[in-house]
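Q: Below is my_file-v9.cif; it holds mmCIF, C-alpha atoms.
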data_query
loop_
_atom_site.label_atom_id
_atom_site.label_comp_id
_atom_site.auth_asym_id
_atom_site.auth_seq_id
_atom_site.Cartn_x
_atom_site.Cartn_y
_atom_site.Cartn_z
CA MET A 1 -86.97 225.37 22.67
CA MET A 2 -86.21 223.57 19.41
CA GLN A 3 -87.69 220.15 19.12
CA SER A 4 -86.87 217.59 16.45
CA ALA A 5 -89.01 214.87 14.91
CA PRO A 6 -88.49 211.33 16.25
CA PHE A 7 -87.21 210.06 12.89
CA ASN A 8 -85.42 212.81 11.03
CA TYR A 9 -82.53 212.12 8.64
CA ARG A 10 -79.98 213.14 11.26
CA ARG A 11 -81.17 210.46 13.65
CA ILE A 12 -81.19 207.89 10.84
CA ILE A 13 -77.58 208.76 9.99
CA ILE A 14 -76.61 208.56 13.66
CA TRP A 15 -78.21 205.14 13.99
CA LEU A 16 -76.72 203.83 10.77
CA GLY A 17 -73.32 205.29 11.62
CA ARG A 18 -73.37 203.71 15.04
CA LEU A 19 -74.39 200.35 13.65
CA VAL A 20 -72.06 200.28 10.64
CA LEU A 21 -69.01 201.67 12.43
CA ALA A 22 -69.56 199.58 15.57
CA VAL A 23 -69.75 196.36 13.56
CA ILE A 24 -66.67 197.32 11.52
CA PHE A 25 -64.67 198.30 14.61
CA ILE A 26 -65.57 195.18 16.59
CA TYR A 27 -64.87 192.94 13.59
CA ALA A 28 -61.56 194.69 12.84
CA GLY A 29 -60.41 194.43 16.46
CA LEU A 30 -61.30 190.75 16.76
CA ALA A 31 -59.79 189.92 13.35
CA LYS A 32 -56.46 191.40 14.42
CA MET A 33 -56.38 189.35 17.60
CA ILE A 34 -57.89 186.08 16.42
CA ARG A 35 -56.59 185.94 12.80
CA TRP A 36 -59.42 183.89 11.29
CA ASP A 37 -57.52 183.93 8.00
CA MET A 38 -54.75 181.73 9.41
CA HIS A 39 -54.87 178.00 10.04
CA PRO A 40 -53.97 177.13 12.72
CA ARG A 41 -54.76 180.43 14.40
CA PRO A 42 -51.65 181.98 15.94
CA PRO A 43 -51.47 182.83 19.64
CA LEU A 44 -52.26 186.41 20.63
CA GLY A 45 -48.56 187.37 20.98
CA ILE A 46 -47.78 186.32 17.41
CA ALA A 47 -50.95 187.94 16.06
CA THR A 48 -49.92 191.17 17.80
CA SER A 49 -46.43 190.99 16.30
CA LEU A 50 -47.86 190.38 12.82
CA PHE A 51 -50.10 193.42 13.22
CA ALA A 52 -47.11 195.46 14.45
CA LEU A 53 -45.29 194.49 11.25
CA GLN A 54 -48.25 195.70 9.19
CA ILE A 55 -48.25 199.02 11.04
CA ASP A 56 -44.49 199.28 10.64
CA SER A 57 -44.74 198.77 6.88
CA TYR A 58 -46.56 202.15 6.68
CA GLN A 59 -43.26 203.73 7.81
CA MET A 60 -45.08 206.39 9.80
CA LEU A 61 -44.19 205.45 13.35
CA PRO A 62 -40.98 204.51 15.12
CA PRO A 63 -40.69 200.76 15.87
CA TRP A 64 -41.58 201.10 19.56
CA ALA A 65 -44.75 203.03 18.66
CA SER A 66 -45.77 200.42 16.06
CA ILE A 67 -45.41 197.74 18.74
CA GLN A 68 -47.49 199.70 21.27
CA VAL A 69 -50.20 200.60 18.75
CA ALA A 70 -50.43 196.93 17.73
CA ARG A 71 -50.78 195.95 21.36
CA TRP A 72 -53.59 198.37 22.23
CA LEU A 73 -55.45 199.30 19.03
CA PRO A 74 -57.44 196.05 18.64
CA TRP A 75 -58.70 196.32 22.23
CA ALA A 76 -59.55 200.01 21.69
CA GLU A 77 -61.44 199.17 18.48
CA ILE A 78 -63.55 196.56 20.26
CA ALA A 79 -64.22 198.83 23.26
CA VAL A 80 -65.15 201.85 21.16
CA GLY A 81 -67.30 199.68 18.89
CA LEU A 82 -69.23 198.32 21.87
CA LEU A 83 -69.66 201.80 23.33
CA LEU A 84 -71.02 203.03 20.00
CA LEU A 85 -73.53 200.20 19.98
CA VAL A 86 -74.62 200.94 23.53
CA GLY A 87 -74.87 204.65 22.74
CA TRP A 88 -73.67 205.84 26.14
CA GLN A 89 -71.89 209.23 25.98
CA LEU A 90 -72.34 209.11 22.22
CA ARG A 91 -70.73 212.47 21.55
CA ILE A 92 -67.49 211.44 23.26
CA TRP A 93 -67.21 208.01 21.61
CA SER A 94 -68.31 209.15 18.18
CA THR A 95 -65.61 211.82 18.37
CA MET A 96 -63.12 209.14 19.37
CA VAL A 97 -64.19 206.92 16.44
CA THR A 98 -63.88 209.86 14.07
CA LEU A 99 -60.35 210.57 15.28
CA ILE A 100 -59.34 206.92 14.92
CA ILE A 101 -60.81 206.59 11.42
CA GLY A 102 -59.27 209.95 10.52
CA GLY A 103 -55.90 208.51 11.54
CA PHE A 104 -56.49 205.41 9.42
CA PHE A 105 -57.53 207.54 6.47
CA VAL A 106 -54.43 209.73 6.68
CA ALA A 107 -52.19 206.66 6.95
CA VAL A 108 -53.81 204.92 3.99
CA LEU A 109 -53.84 208.07 1.87
CA ARG A 110 -50.18 208.76 2.62
CA ALA A 111 -49.14 205.18 1.81
CA TYR A 112 -51.10 205.31 -1.44
CA ALA A 113 -49.59 208.66 -2.42
CA LEU A 114 -46.08 207.34 -1.68
CA HIS A 115 -46.77 204.20 -3.77
CA LEU A 116 -45.90 201.95 -0.86
CA ASP A 117 -46.50 198.35 -1.92
CA ILE A 118 -47.98 197.16 1.35
CA ASN A 119 -51.03 195.48 2.78
CA CYS A 120 -53.72 197.62 4.34
CA GLY A 121 -53.79 195.71 7.62
CA CYS A 122 -57.28 197.12 8.22
CA PHE A 123 -58.80 193.71 8.94
CA ALA A 124 -55.49 191.92 9.57
CA LYS A 125 -55.75 189.64 6.54
CA PRO A 126 -53.51 190.22 3.49
CA GLU A 127 -55.31 192.92 1.54
CA PRO A 128 -53.19 195.05 -0.81
CA LEU A 129 -53.61 198.78 -0.25
CA THR A 130 -55.29 200.17 -3.35
CA GLY A 131 -57.30 203.20 -4.40
CA LEU A 132 -60.38 201.31 -3.29
CA THR A 133 -58.98 201.09 0.23
CA VAL A 134 -58.50 204.86 0.24
CA LEU A 135 -62.04 205.35 -1.04
CA ARG A 136 -63.50 203.00 1.55
CA ASP A 137 -61.64 204.63 4.45
CA GLY A 138 -62.55 208.08 3.13
CA ALA A 139 -66.23 207.17 2.98
CA LEU A 140 -66.15 205.69 6.48
CA PHE A 141 -64.39 208.81 7.76
CA LEU A 142 -67.07 210.99 6.20
CA LEU A 143 -69.76 208.83 7.79
CA ALA A 144 -68.05 209.14 11.18
CA VAL A 145 -67.81 212.93 10.80
CA LEU A 146 -71.49 213.20 9.89
CA MET A 147 -72.49 210.95 12.76
CA THR A 148 -70.49 213.04 15.22
CA VAL A 149 -71.75 216.38 13.92
CA PHE A 150 -75.34 215.16 14.02
CA ALA A 151 -74.85 213.68 17.48
CA PHE A 152 -73.79 217.11 18.75
CA GLN A 153 -76.67 218.83 16.92
CA GLU A 154 -79.28 216.40 18.20
CA ALA A 155 -77.99 216.65 21.76
CA ARG A 156 -79.07 220.31 21.75
CA LYS A 157 -82.66 219.36 21.06
CA PRO A 158 -84.87 217.38 23.42
CA HIS A 159 -86.19 214.15 21.98
CA PRO A 160 -89.92 214.57 21.27
CA TRP A 161 -90.79 211.40 23.17
CA ALA A 162 -88.81 212.53 26.20
CA ALA A 163 -90.45 215.95 25.97
CA ALA A 164 -93.88 214.32 25.83
CA GLU A 165 -93.14 212.30 28.94
CA ARG A 166 -92.08 215.40 30.82
CA SER A 167 -95.22 217.29 29.86
CA THR A 168 -97.60 214.55 31.07
CA MET B 169 -79.69 223.30 4.06
CA ASN B 170 -81.36 220.23 5.56
CA ARG B 171 -81.95 218.75 2.14
CA ARG B 172 -78.29 219.26 1.28
CA PHE B 173 -77.27 217.48 4.47
CA ALA B 174 -79.64 214.65 3.66
CA LEU B 175 -78.17 214.30 0.19
CA VAL B 176 -74.59 214.31 1.50
CA SER B 177 -75.52 211.74 4.13
CA VAL B 178 -77.22 209.41 1.69
CA ALA B 179 -74.33 209.74 -0.76
CA THR B 180 -71.81 208.99 2.00
CA LEU B 181 -73.67 205.91 3.14
CA SER B 182 -74.04 204.64 -0.40
CA LEU B 183 -70.35 205.23 -1.08
CA ALA B 184 -69.28 203.51 2.13
CA SER B 185 -71.50 200.49 1.46
CA LEU B 186 -70.38 200.27 -2.16
CA ALA B 187 -66.69 200.54 -1.34
CA THR B 188 -66.98 197.96 1.44
CA LEU B 189 -68.90 195.56 -0.81
CA ILE B 190 -66.39 195.95 -3.64
CA SER B 191 -63.39 195.48 -1.36
CA VAL B 192 -64.93 192.38 0.24
CA ALA B 193 -65.71 190.99 -3.22
CA ALA B 194 -62.17 191.76 -4.42
CA ALA B 195 -60.65 190.06 -1.37
CA THR B 196 -62.86 187.00 -1.89
CA ALA B 197 -61.95 186.80 -5.57
CA GLN B 198 -58.25 187.07 -4.73
CA LYS B 199 -58.59 184.31 -2.14
CA SER B 200 -60.31 181.97 -4.56
CA ALA B 201 -57.69 182.71 -7.21
CA ALA B 202 -54.99 181.83 -4.68
CA LYS B 203 -56.79 178.57 -3.88
CA LYS B 204 -56.87 177.70 -7.57
CA ALA B 205 -53.06 177.97 -7.83
CA PRO B 206 -51.59 174.62 -8.82
CA PRO B 207 -49.56 172.63 -6.28
CA ALA B 208 -45.78 173.05 -6.15
CA ALA B 209 -45.02 169.94 -8.19
CA ALA B 210 -47.44 170.90 -10.96
CA ARG B 211 -46.38 174.52 -11.18
CA ASN B 212 -42.73 173.57 -11.63
CA SER B 213 -43.34 171.12 -14.45
CA SER B 214 -42.96 173.72 -17.19
CA VAL B 215 -39.56 174.87 -15.95
CA PRO B 216 -36.50 173.04 -17.30
CA ALA B 217 -34.33 171.27 -14.74
CA PRO B 218 -31.95 173.72 -13.07
CA ALA B 219 -28.21 173.38 -13.34
CA GLN B 220 -27.82 173.07 -9.58
CA THR B 221 -29.78 170.75 -7.33
CA ALA B 222 -32.45 172.53 -5.37
CA ILE B 223 -33.07 171.41 -1.82
CA THR B 224 -36.15 171.16 0.38
CA VAL B 225 -36.01 172.22 4.00
CA ASP B 226 -38.98 171.60 6.29
CA GLY B 227 -41.45 171.59 3.44
CA VAL B 228 -40.02 174.70 1.80
CA ALA B 229 -39.11 173.38 -1.64
CA ASP B 230 -36.88 174.47 -4.48
CA ILE B 231 -34.28 176.23 -2.40
CA ASP B 232 -31.11 177.12 -4.27
CA PRO B 233 -28.37 176.38 -1.68
CA ALA B 234 -26.27 179.21 -3.13
CA LYS B 235 -29.02 181.68 -2.17
CA ALA B 236 -29.70 180.26 1.29
CA PHE B 237 -27.96 181.15 4.53
CA GLY B 238 -27.76 179.60 7.98
CA SER B 239 -28.48 176.24 9.48
CA ARG B 240 -31.04 174.00 7.81
CA ASN B 241 -32.04 172.88 11.32
CA ALA B 242 -33.00 176.41 12.37
CA PRO B 243 -36.47 176.64 13.96
CA VAL B 244 -37.53 179.34 11.50
CA ILE B 245 -37.15 179.68 7.73
CA MET B 246 -37.46 183.16 6.25
CA GLU B 247 -38.08 183.29 2.51
CA ILE B 248 -37.54 186.76 1.10
CA PHE B 249 -38.99 187.50 -2.33
CA SER B 250 -37.36 190.61 -3.69
CA ASP B 251 -36.56 192.57 -6.80
CA PHE B 252 -33.15 194.23 -7.18
CA GLN B 253 -34.68 197.37 -8.65
CA CYS B 254 -37.33 197.92 -5.97
CA PRO B 255 -36.48 200.65 -3.42
CA ALA B 256 -38.27 198.95 -0.52
CA CYS B 257 -36.31 195.75 -1.25
CA ARG B 258 -33.11 197.77 -1.09
CA GLN B 259 -34.15 199.25 2.24
CA LEU B 260 -35.08 195.82 3.62
CA PHE B 261 -31.84 194.22 2.45
CA ILE B 262 -29.50 196.93 3.65
CA THR B 263 -31.08 197.46 7.07
CA THR B 264 -33.32 194.63 8.24
CA THR B 265 -31.94 191.56 6.46
CA GLN B 266 -28.38 192.33 7.44
CA ARG B 267 -29.38 192.54 11.09
CA VAL B 268 -31.37 189.32 10.79
CA MET B 269 -28.22 187.68 9.42
CA ASP B 270 -26.13 189.00 12.30
CA ASN B 271 -28.59 188.25 15.09
CA TYR B 272 -30.48 185.16 13.97
CA VAL B 273 -28.81 183.46 11.00
CA ASN B 274 -25.35 183.43 12.53
CA ASN B 275 -26.86 181.97 15.73
CA ASN B 276 -28.57 179.16 13.77
CA LYS B 277 -32.01 180.47 14.73
CA VAL B 278 -33.19 181.47 11.27
CA PHE B 279 -32.52 179.98 7.85
CA VAL B 280 -32.79 182.74 5.23
CA VAL B 281 -33.69 181.98 1.62
CA HIS B 282 -33.33 184.72 -0.96
CA ARG B 283 -35.88 184.38 -3.75
CA ASP B 284 -35.74 186.38 -6.96
CA PHE B 285 -38.95 188.02 -8.04
CA PRO B 286 -37.92 190.43 -10.82
CA LEU B 287 -40.96 192.49 -11.72
CA PRO B 288 -41.65 193.03 -15.44
CA MET B 289 -42.06 196.79 -14.88
CA HIS B 290 -38.38 197.09 -13.91
CA ALA B 291 -36.14 197.13 -16.96
CA TYR B 292 -32.96 195.77 -15.37
CA SER B 293 -34.12 193.73 -12.41
CA ARG B 294 -34.00 190.43 -14.32
CA VAL B 295 -30.44 191.15 -15.52
CA ALA B 296 -29.46 192.06 -11.96
CA ALA B 297 -31.04 188.84 -10.68
CA SER B 298 -29.03 186.85 -13.26
CA TYR B 299 -25.74 188.43 -12.19
CA ALA B 300 -26.54 188.05 -8.49
CA ARG B 301 -27.49 184.40 -8.97
CA ALA B 302 -24.32 183.72 -10.93
CA ALA B 303 -22.22 185.49 -8.30
CA ALA B 304 -23.87 183.41 -5.59
CA HIS B 305 -22.80 180.29 -7.46
CA VAL B 306 -19.18 181.40 -7.46
CA GLY B 307 -19.33 182.23 -3.74
CA LYS B 308 -19.68 185.99 -4.11
CA GLY B 309 -23.42 186.39 -3.66
CA ASP B 310 -23.20 188.59 -0.54
CA ALA B 311 -20.83 191.12 -2.07
CA VAL B 312 -22.73 191.36 -5.35
CA GLU B 313 -26.17 191.64 -3.75
CA MET B 314 -24.89 194.39 -1.47
CA ALA B 315 -23.27 196.21 -4.41
CA LEU B 316 -26.44 195.97 -6.49
CA PHE B 317 -28.66 197.26 -3.72
CA GLN B 318 -26.29 199.98 -2.60
CA ASN B 319 -25.84 201.29 -6.14
CA GLN B 320 -29.43 200.71 -7.22
CA GLU B 321 -30.08 204.32 -8.19
CA LYS B 322 -26.97 204.44 -10.40
CA TRP B 323 -27.45 201.28 -12.45
CA GLU B 324 -31.19 201.70 -12.80
CA MET B 325 -30.45 205.00 -14.54
CA SER B 326 -27.53 203.79 -16.65
CA GLY B 327 -28.47 200.12 -17.03
CA ASP B 328 -24.88 199.21 -16.20
CA VAL B 329 -25.53 196.17 -14.06
CA LYS B 330 -22.44 194.41 -15.34
CA GLY B 331 -20.15 197.29 -14.38
CA THR B 332 -21.64 197.42 -10.88
CA VAL B 333 -21.00 193.72 -10.41
CA ALA B 334 -17.51 193.86 -11.92
CA ALA B 335 -16.53 196.59 -9.46
CA VAL B 336 -16.73 194.19 -6.52
CA LEU B 337 -15.24 191.09 -8.17
CA THR B 338 -11.80 190.13 -9.32
CA PRO B 339 -11.37 189.71 -13.09
CA ALA B 340 -11.24 185.93 -12.66
CA GLU B 341 -14.45 185.89 -10.64
CA MET B 342 -16.14 188.21 -13.10
CA LYS B 343 -15.16 185.91 -15.94
CA LYS B 344 -16.86 182.97 -14.22
CA VAL B 345 -19.93 185.05 -13.41
CA GLN B 346 -20.17 186.30 -16.98
CA ALA B 347 -19.89 182.76 -18.31
CA LEU B 348 -22.78 181.65 -16.10
CA VAL B 349 -24.87 184.66 -17.15
CA ASP B 350 -24.12 184.14 -20.84
CA GLY B 351 -24.73 180.39 -20.61
CA LYS B 352 -28.15 181.02 -19.01
CA THR B 353 -27.72 177.83 -17.01
CA LEU B 354 -29.07 179.45 -13.84
CA GLU B 355 -32.08 181.12 -15.44
CA PRO B 356 -34.38 178.18 -14.59
CA LEU B 357 -33.69 178.82 -10.90
CA ILE B 358 -34.86 182.43 -11.25
CA ASP B 359 -37.90 181.26 -13.23
CA LYS B 360 -38.67 178.78 -10.49
CA ASP B 361 -38.52 181.50 -7.83
CA ARG B 362 -40.85 183.65 -9.93
CA GLN B 363 -43.31 180.81 -10.33
CA LEU B 364 -43.23 180.12 -6.61
CA ALA B 365 -43.93 183.79 -5.98
CA MET B 366 -46.89 183.76 -8.37
CA ALA B 367 -48.29 180.67 -6.67
CA VAL B 368 -48.06 182.04 -3.10
CA PRO B 369 -49.24 184.61 -4.41
CA VAL B 370 -46.73 187.38 -3.85
CA ASN B 371 -48.39 190.64 -4.90
CA GLN B 372 -45.78 193.10 -3.75
CA THR B 373 -42.04 193.24 -3.22
CA PRO B 374 -40.48 192.72 -0.83
CA THR B 375 -42.54 189.94 0.66
CA SER B 376 -41.05 187.77 3.35
CA ILE B 377 -42.68 184.52 4.33
CA ILE B 378 -41.74 183.21 7.72
CA HIS B 379 -42.14 179.45 8.14
CA THR B 380 -42.06 177.62 11.44
CA ARG B 381 -41.28 173.96 12.10
CA ASP B 382 -44.92 173.24 12.91
CA GLY B 383 -45.92 174.16 9.37
CA GLN B 384 -47.27 177.65 10.02
CA SER B 385 -46.44 180.43 7.54
CA TYR B 386 -46.63 184.14 8.22
CA PRO B 387 -46.40 186.57 5.30
CA VAL B 388 -44.76 189.93 5.96
CA VAL B 389 -45.34 192.43 3.18
CA GLY B 390 -43.25 195.50 2.44
CA TYR B 391 -40.31 196.99 4.24
CA VAL B 392 -40.31 196.33 7.96
CA SER B 393 -37.81 197.48 10.55
CA PHE B 394 -35.65 194.99 12.37
CA ASP B 395 -36.88 196.02 15.84
CA VAL B 396 -40.48 195.10 14.98
CA LEU B 397 -39.53 191.93 13.11
CA LYS B 398 -37.49 190.95 16.16
CA THR B 399 -40.64 190.76 18.31
CA LEU B 400 -41.98 188.06 15.99
CA LEU B 401 -38.71 186.17 15.50
CA ASP B 402 -38.05 186.11 19.24
CA GLN B 403 -41.37 184.42 19.88
CA LEU B 404 -40.88 181.92 17.07
CA THR B 405 -37.31 181.00 17.95
CA LYS B 406 -37.56 180.67 21.73
#
Just give me the structure of the file as structure tokens.

A:
Amino acid sequence: MMQSAPFNYRRIIIWLGRLVLAVIFIYAGLAKMIRWDMHPRPPLGIATSLFALQIDSYQMLPPWASIQVARWLPWAEIAVGLLLLVGWQLRIWSTMVTLIIGGFFVAVLRAYALHLDINCGCFAKPEPLTGLTVLRDGALFLLAVLMTVFAFQEARKPHPWAAAERST
Amino acid sequence: MNRRFALVSVATLSLASLATLISVAAATAQKSAAKKAPPAAARNSSVPAPAQTAITVDGVADIDPAKAFGSRNAPVIMEIFSDFQCPACRQLFITTTQRVMDNYVNNNKVFVVHRDFPLPMHAYSRVAASYARAAAHVGKGDAVEMALFQNQEKWEMSGDVKGTVAAVLTPAEMKKVQALVDGKTLEPLIDKDRQLAMAVPVNQTPTSIIHTRDGQSYPVVGYVSFDVLKTLLDQLTK
């Protein structure tokens, strides 16, 4: 049976991916609900409506879908971020993160290509959507893809420490 | 193969970190630039006094009454910064703003303020703003704004703003409008709107800023549909 080293580059990428993406997801989810950028901070209902307006400005979804996505996405981002940190069922949650970031990347790329003068809405605060936003989301998407691919590859190989325990 | 994967991985991580750092730095720089914007009184000092008296409603200053709609006692004020030549502004005006007027302004729930923010990249938007402002001051603002937005694609090709405006006015009204445009007496009001937009700062058109009576302001950038905007307005006006 194949056995991998305890610290190969794949594991490093998985760890970094988990850490970076988990922090970004948890921060993004909380920022959309709490709105640190606003003083005084708006109640959750208003923060949700403001996020729905940001989603709506992408002109990708019908109004009812923008409202539902705004209602559930921040919670999903926090939950998936925490699950990534914990590392439980990593293949499932890394796939989920990849799909979510893939969705963000497509939305941002489409808005940029259509020259929509809108805010990104990525971290709730007013942040104009620019080429840099596309680059950032593209890089994060690539990181998520690598993390997921490596998570599947590593799952096929027993961890050397676990293998050592079994043999003793 | 493994080395290639390692290289791709390292490059991806570097790119992600770099892009995140740059975007955070850009956002911080933008925020500090916004903080450095002079206060309303200071930023208006360079503009000559307008021909008409501007009003202040609930802390929202420099409102041209001819470009404002609804009750001044409404619980919400919606300032809309737009450019007559911008397609998203057209979409917002024709669909969303009209429904806001019907459902909230006519019920005294929202006070709408139209602000002109003609962008320098649009050749005729300033001329269109001048005609629309003049028409508003002769009581024909609604008709002219609608005509300008509905025929946006035509006049932005031909440059015939005047003809578009004349088509919806009587000769007598057009004469008054033309006199106001030629006299440039209302230009300071447009300049004032532009300066307000720069101070907010408004980076894109359309940008709507929704003010509540308790002093909170919520910026809404780009075209948004009425049904989604309604979820916010309902909470703020109940």

Q: Give the answer as one residue: which of B:Met289, B:Leu337, B:Ile358, B:Ala256 has the shortest atom-to-atom distance to chain A, using all atoms listed in the file?

A: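 For chain A, the nearest of the given residues is B:Ala256.
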
Q: Under the rule that all atoms listed in the file are counted, which of B:Val349, B:Leu401, B:Ala304, B:Val396 is the nearest residue to chain A?

A: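 Of all the options, B:Val396 lies closest to chain A.
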
Q: Calculate how many Å separate atom CA of Thr98 of chain A from atom CA of Met38 of chain A, rounding to one decimal.

A: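 Separation between atom CA of Thr98 of chain A and atom CA of Met38 of chain A: 29.9 Å.
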
Q: With distances taken over all atoms listed in the file, which residue among A:Leu99, A:Leu53, A:Leu109, A:Ala79 lies nearest Phe25 of chain A?

A: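 Using all atoms listed in the file, the shortest distance to Phe25 of chain A belongs to A:Ala79.
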
Q: At a cut-off of 7 Å from (-43.6, 197.0, 4.9) in the coordinates of the file, what residues are picked up using only C-alpha atoms, written as a list in words?

A: Gln54, Asp56, Ser57, Tyr58 and Ile118 of chain A; Val389, Gly390, Tyr391 and Val392 of chain B

Q: Please expand the PyMOL selection byres ((chain A) within 7 of (chain B)) into the concrete residues it hits in this file, giving the result as a VMD selection string.

A: chain A and resid 9 13 46 49 52 to 53 56 to 57 63 67 117 to 119 127 132 135 to 136 139 to 140 142 to 143

Q: Keeping only C-alpha atoms, write those residues as an mmCIF file, keeping the file's coordinate frame.

A:
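Done, and the output landed in again.cif:
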data_model
loop_
_atom_site.group_PDB
_atom_site.id
_atom_site.type_symbol
_atom_site.label_atom_id
_atom_site.label_comp_id
_atom_site.auth_asym_id
_atom_site.auth_seq_id
_atom_site.Cartn_x
_atom_site.Cartn_y
_atom_site.Cartn_z
ATOM 1 C CA TYR A 9 -82.530 212.120 8.640
ATOM 2 C CA ILE A 13 -77.580 208.760 9.990
ATOM 3 C CA ILE A 46 -47.780 186.320 17.410
ATOM 4 C CA SER A 49 -46.430 190.990 16.300
ATOM 5 C CA ALA A 52 -47.110 195.460 14.450
ATOM 6 C CA LEU A 53 -45.290 194.490 11.250
ATOM 7 C CA ASP A 56 -44.490 199.280 10.640
ATOM 8 C CA SER A 57 -44.740 198.770 6.880
ATOM 9 C CA PRO A 63 -40.690 200.760 15.870
ATOM 10 C CA ILE A 67 -45.410 197.740 18.740
ATOM 11 C CA ASP A 117 -46.500 198.350 -1.920
ATOM 12 C CA ILE A 118 -47.980 197.160 1.350
ATOM 13 C CA ASN A 119 -51.030 195.480 2.780
ATOM 14 C CA GLU A 127 -55.310 192.920 1.540
ATOM 15 C CA LEU A 132 -60.380 201.310 -3.290
ATOM 16 C CA LEU A 135 -62.040 205.350 -1.040
ATOM 17 C CA ARG A 136 -63.500 203.000 1.550
ATOM 18 C CA ALA A 139 -66.230 207.170 2.980
ATOM 19 C CA LEU A 140 -66.150 205.690 6.480
ATOM 20 C CA LEU A 142 -67.070 210.990 6.200
ATOM 21 C CA LEU A 143 -69.760 208.830 7.790
#
